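J.: This is the content of data_7.txt (compact mmCIF, C-alpha atoms):
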```txt
# COMPACT_ATOMS: atom_id res chain seq x y z
CA MET A 1 34.07 301.04 251.03
CA ASP A 2 33.69 300.98 254.80
CA SER A 3 35.48 298.52 257.09
CA ALA A 4 32.59 296.03 257.16
CA GLU A 5 32.35 295.98 253.36
CA LEU A 6 36.12 295.59 253.07
CA LYS A 7 36.09 292.65 255.46
CA ASP A 8 33.26 291.00 253.52
CA ARG A 9 35.19 291.38 250.26
CA VAL A 10 38.34 289.96 251.84
CA ARG A 11 36.29 287.00 253.13
CA GLU A 12 34.82 286.43 249.67
CA LEU A 13 38.17 286.57 247.89
CA ARG A 14 39.84 284.45 250.55
CA GLY A 15 37.13 281.85 250.00
CA GLU A 16 38.16 281.76 246.34
CA GLY A 17 41.69 280.85 247.41
CA ARG A 18 43.26 284.25 246.72
CA SER A 19 46.51 285.08 248.47
CA PRO A 20 46.72 288.23 250.64
CA LYS A 21 48.75 289.98 247.92
CA GLU A 22 46.19 289.08 245.27
CA ILE A 23 43.38 290.33 247.49
CA ALA A 24 45.21 293.62 248.07
CA ARG A 25 45.69 294.09 244.33
CA ALA A 26 42.06 293.22 243.56
CA LEU A 27 40.76 295.67 246.16
CA LYS A 28 43.44 298.30 245.40
CA VAL A 29 44.54 298.59 249.01
CA ALA A 30 47.87 298.07 250.76
CA PRO A 31 48.82 294.51 251.82
CA SER A 32 49.26 295.85 255.36
CA ILE A 33 45.51 296.53 255.42
CA VAL A 34 44.58 293.08 254.13
CA ALA A 35 46.88 290.98 256.33
CA PRO A 36 45.18 291.81 259.68
CA LEU A 37 41.77 291.08 258.15
CA VAL A 38 43.00 287.71 256.87
CA ARG A 39 44.24 286.85 260.35
CA GLU A 40 40.97 288.04 261.90
CA LEU A 41 38.93 285.90 259.51
CA ALA A 42 41.13 282.90 260.24
CA ALA A 43 40.55 283.39 263.99
CA GLU A 44 36.80 283.68 263.45
CA ALA A 45 36.80 280.40 261.55
CA GLY A 46 37.56 278.62 264.80
CA PRO A 47 40.04 275.94 265.75
CA VAL A 48 38.78 273.20 263.40
CA GLU A 49 41.42 272.55 260.78
CA PRO A 50 40.52 271.26 257.32
CA GLU A 51 41.75 267.75 256.60
CA VAL A 52 45.34 267.43 255.38
CA VAL A 53 45.09 265.84 251.95
CA GLY A 54 48.84 265.72 251.39
CA CYS A 55 52.15 267.16 252.54
CA TRP A 56 55.37 266.98 250.55
CA MET A 57 58.98 268.07 250.92
CA ASN A 58 61.98 267.95 248.60
CA VAL A 59 64.35 265.05 249.11
CA GLY A 60 67.63 266.12 250.66
CA TRP A 61 65.77 268.24 253.20
CA SER A 62 67.80 266.87 256.11
CA ALA A 63 71.27 267.70 254.74
CA GLY A 64 73.32 269.45 257.44
CA LEU A 65 70.53 269.20 260.02
CA ALA A 66 70.32 267.13 263.19
CA VAL A 67 66.93 265.45 263.55
CA ASP A 68 65.65 263.68 266.66
CA PRO A 69 65.73 260.00 265.60
CA ALA A 70 62.81 259.22 267.91
CA ARG A 71 60.52 261.02 265.46
CA GLY A 72 61.14 258.43 262.77
CA TRP A 73 61.32 261.03 259.99
CA VAL A 74 63.24 259.70 257.00
CA ASP A 75 64.89 261.65 254.21
CA GLU A 76 64.60 259.43 251.15
CA ALA A 77 67.68 260.97 249.48
CA PRO A 78 69.78 262.83 252.05
CA ASP A 79 72.60 263.42 249.54
CA ALA A 80 70.32 265.04 246.94
CA GLY A 81 72.05 268.41 247.32
CA ALA A 82 69.30 270.65 248.64
CA GLY A 83 71.92 272.95 250.17
CA GLY A 84 69.80 274.13 253.08
CA MET A 85 66.91 275.39 250.92
CA VAL A 86 63.83 273.31 251.66
CA CYS A 87 60.47 273.48 249.90
CA VAL A 88 57.33 272.33 251.71
CA LEU A 89 53.94 271.91 250.03
CA VAL A 90 50.71 271.45 252.01
CA ALA A 91 47.26 270.61 250.65
CA ARG A 92 44.15 270.76 252.82
CA ARG A 93 40.56 269.90 251.93
CA HIS A 94 38.63 272.85 250.53
CA THR A 95 35.59 271.14 249.01
CA TRP A 96 34.97 267.51 248.13
CA ASP A 97 36.87 267.86 244.83
CA LYS A 98 39.25 270.75 245.54
CA MET A 99 42.14 271.51 247.88
CA THR A 100 43.71 274.62 249.34
CA VAL A 101 47.40 274.39 248.48
CA CYS A 102 50.26 276.46 249.87
CA GLY A 103 54.03 276.24 249.47
CA TYR A 104 56.82 277.45 251.75
CA LEU A 105 60.51 278.00 250.96
CA ALA A 106 62.70 277.79 254.06
CA ASP A 107 66.40 278.55 254.41
CA VAL A 108 67.09 276.10 257.23
CA TYR A 109 70.70 277.21 257.62
CA CYS A 110 70.12 280.89 258.33
CA LEU A 111 67.23 283.06 257.14
CA GLY A 112 64.14 280.95 257.84
CA VAL A 113 61.10 281.32 255.56
CA LYS A 114 62.17 283.28 252.47
CA ASN A 115 58.99 283.00 250.41
CA THR A 116 55.54 281.46 250.13
CA ILE A 117 53.35 280.53 247.16
CA GLY A 118 49.58 280.50 247.45
CA PRO A 119 47.27 279.56 248.87
CA ASP A 120 45.53 278.43 245.69
CA VAL A 121 42.43 276.27 245.35
CA LEU A 122 43.23 273.39 242.99
CA ASP A 123 41.71 270.13 241.85
CA GLU A 124 43.69 266.89 241.80
CA ARG A 125 45.00 267.36 238.26
CA ASP A 126 46.10 270.94 238.86
CA LEU A 127 47.76 269.91 242.12
CA ARG A 128 49.85 267.31 240.32
CA ARG A 129 50.96 269.91 237.78
CA PHE A 130 51.70 272.48 240.45
CA ARG A 131 53.71 269.98 242.47
CA GLU A 132 55.89 269.22 239.45
CA TYR A 133 56.52 272.94 239.02
CA PHE A 134 57.04 273.63 242.72
CA PHE A 135 59.74 270.98 243.11
CA GLY A 136 61.18 271.53 239.64
CA ASP A 137 64.59 272.67 240.91
CA TYR A 138 65.08 269.56 243.06
CA THR A 139 65.97 265.95 242.38
CA GLY A 140 62.56 264.90 243.65
CA TRP A 141 60.09 265.07 246.49
CA GLN A 142 58.60 262.79 249.11
CA GLU A 143 55.39 262.69 251.08
CA VAL A 144 55.94 263.60 254.74
CA PRO A 145 53.80 263.91 257.88
CA ILE A 146 52.39 267.37 258.55
CA GLU A 147 54.23 267.28 261.90
CA LEU A 148 57.58 267.24 260.08
CA ALA A 149 56.50 270.20 257.97
CA GLN A 150 55.53 272.09 261.12
CA HIS A 151 58.80 271.36 262.89
CA LEU A 152 60.85 272.31 259.85
CA VAL A 153 59.03 275.49 258.81
CA PHE A 154 58.11 276.91 262.22
CA GLY A 155 61.42 275.72 263.64
CA SER A 156 63.39 277.47 260.91
CA VAL A 157 61.50 280.69 261.67
CA ASP A 158 62.33 280.42 265.37
CA TYR A 159 65.99 279.71 264.56
CA ALA A 160 66.24 282.65 262.16
CA ARG A 161 64.79 284.96 264.79
CA THR A 162 67.60 284.05 267.17
CA LEU A 163 69.94 285.41 264.48
CA GLY A 164 67.93 288.58 263.95
CA PHE A 165 65.82 287.66 260.90
CA GLU A 166 62.05 287.71 260.49
CA PRO A 167 60.19 285.49 258.00
CA HIS A 168 58.94 286.83 254.69
CA GLU A 169 55.97 289.18 255.10
CA ASP A 170 53.66 286.71 253.32
CA PHE A 171 54.34 283.95 255.84
CA GLU A 172 52.16 285.00 258.77
CA PRO A 173 48.87 285.09 256.80
CA VAL A 174 49.43 281.53 255.51
CA ALA A 175 51.15 279.98 258.53
CA HIS A 176 47.83 278.58 259.81
CA LEU A 177 47.69 276.13 256.88
CA LEU A 178 50.54 274.25 258.54
CA GLY A 179 48.36 273.75 261.63
CA GLU A 180 48.97 274.33 265.31
CA TRP A 181 52.49 273.83 266.60
CA GLN A 182 53.88 274.63 270.04
CA GLY A 183 57.56 273.77 269.69
CA PRO A 184 60.35 273.47 270.41
CA SER A 185 61.46 271.88 267.16
CA ALA A 186 62.92 268.39 267.05
CA ILE A 187 65.35 269.68 264.42
CA THR A 188 68.66 271.45 265.03
CA PHE A 189 69.10 274.12 262.38
CA GLY A 190 72.15 275.64 260.74
CA ARG A 191 74.61 273.63 258.67
CA ASP A 192 76.02 271.13 261.15
CA GLY A 193 74.78 273.39 263.92
CA ARG A 194 76.35 276.63 262.61
CA PRO A 195 74.63 279.53 260.86
CA PHE A 196 75.55 279.38 257.19
CA TYR A 197 74.40 282.14 254.85
CA VAL A 198 74.40 281.62 251.08
CA GLN A 199 73.44 284.65 249.01
CA GLY A 200 70.19 284.28 247.11
CA PRO A 201 69.22 286.14 243.93
CA HIS A 202 67.00 288.65 245.74
CA ASP A 203 69.07 289.10 248.91
CA ASP A 204 70.88 292.14 250.19
CA PRO A 205 74.01 290.30 251.38
CA GLY A 206 75.51 293.36 253.04
CA LYS A 207 72.44 293.78 255.23
CA VAL A 208 72.34 290.06 256.08
CA LEU A 209 75.98 290.04 257.12
CA ARG A 210 75.55 293.17 259.23
CA ILE A 211 72.69 291.53 261.12
CA LEU A 212 74.72 288.38 261.68
CA GLN A 213 77.67 290.43 262.91
CA ARG A 214 75.49 292.15 265.48
CA LYS A 215 74.57 288.77 266.96
CA LEU A 216 77.70 286.71 266.38
CA THR A 217 81.44 286.96 266.07
CA PRO A 218 83.00 286.24 262.64
CA ASP A 219 84.13 282.85 263.96
CA ASP A 220 80.55 281.84 264.82
CA PHE A 221 79.06 281.71 261.32
CA ASP A 222 79.95 280.92 257.72
CA TYR A 223 78.80 282.60 254.52
CA VAL A 224 79.09 282.56 250.76
CA THR A 225 78.28 285.70 248.76
CA ASP A 226 79.03 286.72 245.19
CA ASP A 227 81.84 288.95 246.49
CA SER A 228 83.39 286.18 248.56
CA ILE A 229 83.38 283.86 245.54
CA THR A 230 85.10 286.37 243.28
CA ALA A 231 87.51 287.69 245.90
```
Show me this structure written as structure tokens.
T.:
Amino acid sequence: MDSAELKDRVRELRGEGRSPKEIARALKVAPSIVAPLVRELAAEAGPVEPEVVGCWMNVGWSAGLAVDPARGWVDEAPDAGAGGMVCVLVARRHTWDKMTVCGYLADVYCLGVKNTIGPDVLDERDLRRFREYFFGDYTGWQEVPIELAQHLVFGSVDYARTLGFEPHEDFEPVAHLLGEWQGPSAITFGRDGRPFYVQGPHDDPGKVLRILQRKLTPDDFDYVTDDSITA
């Protein structure tokens, strides 16, 4: 298909709530071809943002972070043991009975956004089920203002970039669902202000540590990897 037909198909599938990866698979093209079209379509849609129906974050999100008290953002269970991994779920109005829902996983101590889920178009019942699944590894979740979600997610990306890390490739096409944000963040990232890397199941810890060592001295950051635990 030509470029105009491809763009029309991306628009159609995006309207069904398909993620960029799902669109690429459906059209049998590379994600790198779909992502710019998704951004272009988002820009064409104009600055009007769909209504925020709900925004949620796992309790314990603030552990190890410094948050500007003037914002009035409250962590309902700061000792819940989130360990620097924060999940954010945003739902915006899609139609009168459905919502566009997207989730973000942010390493607020080091790597920034590690993954995204969605966007998916869900009704109220499916949203409740998805929310249970999305926060299944945490003690619980709380409803938060979209501004807090913006400061935490975008702020973690900015912080990670100072250390040499870019967000997950799926983040940019879905970042707009968080809304406009100019920064700087009202949150100080890192564990107690220091970069702290904890190896995840899909990480390349050697690569992460090499990047940190290019930016920082060994005394400027902390880390836990499988090798360091067994050493």
J.: Hey, can I get the axis-aligned box for segment 179-182 of chain A? All listed atoms, 8 Å padding on each side, centre and edge lengths in Å to one decimal, as JSON.
T.:
```
{"center_x": 51.1, "center_y": 274.2, "center_z": 265.8, "size_x": 21.5, "size_y": 16.9, "size_z": 24.4}
```
J.: I'd like to know which of A:Asp204, A:Glu51, A:Asp222, A:Asp192 is closest to Val67 of chain A, using only C-alpha atoms.
T.: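 Using only C-alpha atoms, the shortest distance to Val67 of chain A belongs to A:Asp192.
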J.: Any idea what's packed within 9 Å of Glu76 of chain A, counting only C-alpha atoms, ignoring anything in its chain fewer than 6 positions away? Could you give it as a PyMOL selection string?
T.: chain A and resi 59-60+141-142
J.: Using only C-alpha atoms, which residues sit within 10 Å of segment 23-39 of chain A once same-chain residues fewer than 4 positions away are excluded, as a list in words?
T.: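 Listed by chain and then number, they are Met1, Ser3, Leu6, Lys7, Asp8, Arg9, Val10, Arg11, Glu12, Leu13, Arg14, Gly17, Arg18, Ser19, Ala43, Glu44, Ala45, Glu169, Asp170, Glu172, Pro173, Val174, Ala175 and His176 of chain A.
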J.: The selected residues should be written to file as an mmCIF file, in the frame of the given file (atoms: C-alpha atoms).
T.:
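Output saved as part39.cif:
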```
data_model
loop_
_atom_site.group_PDB
_atom_site.id
_atom_site.type_symbol
_atom_site.label_atom_id
_atom_site.label_comp_id
_atom_site.auth_asym_id
_atom_site.auth_seq_id
_atom_site.Cartn_x
_atom_site.Cartn_y
_atom_site.Cartn_z
ATOM 1 C CA MET A 1 34.070 301.040 251.030
ATOM 2 C CA SER A 3 35.480 298.520 257.090
ATOM 3 C CA LEU A 6 36.120 295.590 253.070
ATOM 4 C CA LYS A 7 36.090 292.650 255.460
ATOM 5 C CA ASP A 8 33.260 291.000 253.520
ATOM 6 C CA ARG A 9 35.190 291.380 250.260
ATOM 7 C CA VAL A 10 38.340 289.960 251.840
ATOM 8 C CA ARG A 11 36.290 287.000 253.130
ATOM 9 C CA GLU A 12 34.820 286.430 249.670
ATOM 10 C CA LEU A 13 38.170 286.570 247.890
ATOM 11 C CA ARG A 14 39.840 284.450 250.550
ATOM 12 C CA GLY A 17 41.690 280.850 247.410
ATOM 13 C CA ARG A 18 43.260 284.250 246.720
ATOM 14 C CA SER A 19 46.510 285.080 248.470
ATOM 15 C CA ALA A 43 40.550 283.390 263.990
ATOM 16 C CA GLU A 44 36.800 283.680 263.450
ATOM 17 C CA ALA A 45 36.800 280.400 261.550
ATOM 18 C CA GLU A 169 55.970 289.180 255.100
ATOM 19 C CA ASP A 170 53.660 286.710 253.320
ATOM 20 C CA GLU A 172 52.160 285.000 258.770
ATOM 21 C CA PRO A 173 48.870 285.090 256.800
ATOM 22 C CA VAL A 174 49.430 281.530 255.510
ATOM 23 C CA ALA A 175 51.150 279.980 258.530
ATOM 24 C CA HIS A 176 47.830 278.580 259.810
#
```
J.: Within 7 Å of segment 103-124 of chain A, which residues of segment 146-169 of chain A show up? Give each one with its shortest atom-to-atom distance in Å (one decimal) and the two atoms involved, counting only C-alpha atoms, rows by chain then rising residue number, as a Markdown table.
T.:
```
| residue | atom | partner | partner_atom | distance |
| --- | --- | --- | --- | --- |
| A:Val153 | CA | A:Ala106 | CA | 6.4 |
| A:Ser156 | CA | A:Gly112 | CA | 4.7 |
| A:Val157 | CA | A:Gly112 | CA | 4.7 |
| A:Ala160 | CA | A:Gly112 | CA | 5.1 |
| A:Phe165 | CA | A:Leu111 | CA | 6.1 |
| A:Pro167 | CA | A:Val113 | CA | 4.9 |
| A:His168 | CA | A:Lys114 | CA | 5.3 |
```
J.: How many Å separate atom CA of Ala66 of chain A from atom CA of Thr188 of chain A?
T.: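 About the pair atom CA of Ala66 of chain A and atom CA of Thr188 of chain A: they are 5.0 Å apart.
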J.: Could you tell me which of A:Val53, A:Trp73, A:Thr95, A:Phe171 comes closest to Lys21 of chain A if we count all atoms listed in the file?
T.: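 For Lys21 of chain A, the nearest of the given residues is A:Phe171.
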J.: One number please: atom CA of Val198 of chain A to atom CA of Tyr223 of chain A, in Å, one decimal.
T.: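 Atom-to-atom, atom CA of Val198 of chain A to atom CA of Tyr223 of chain A, that is 5.7 Å.
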J.: If you measure from atom CA of Glu16 of chain A to atom CA of Ala42 of chain A, what distance in Å do you get, rounded to one decimal?
T.: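 Rounded to one decimal, the two atoms are 14.3 Å apart.
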J.: Go through A:Phe196, A:Trp56, A:Phe154, A:Trp181 and flag the residue nearest Phe135 of chain A, using all atoms listed in the file for the distances.
T.: A:Trp56
J.: Mind checking which residues fall within 10 Å of Asp137 of chain A, counting all atoms listed in the file, ignoring those fewer than 4 positions away in the same chain, and posting them as a list in words?
T.: Asn58, Ala82, Cys87, Glu132 and Tyr133 of chain A
J.: Determine the nearest neighbour of Gly83 of chain A from the options A:Asp226, A:Pro145, A:Ser62, A:Leu178, counting only C-alpha atoms.
T.: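 Distance minimum relative to Gly83 of chain A lands on A:Ser62.
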J.: From the list A:Val52, A:Ile211, A:Ala63, A:Leu41, which residue is nearest Arg92 of chain A when using all atoms listed in the file?
T.: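 Ranking A:Val52, A:Ile211, A:Ala63, A:Leu41 by distance to Arg92 of chain A, first place goes to A:Val52.
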J.: A:Gly15, A:Gly164, A:Pro184, A:Pro201: which is nearest Thr100 of chain A, counting all atoms listed in the file?
T.: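 Counting all atoms listed in the file, the residue closest to Thr100 of chain A is A:Gly15.
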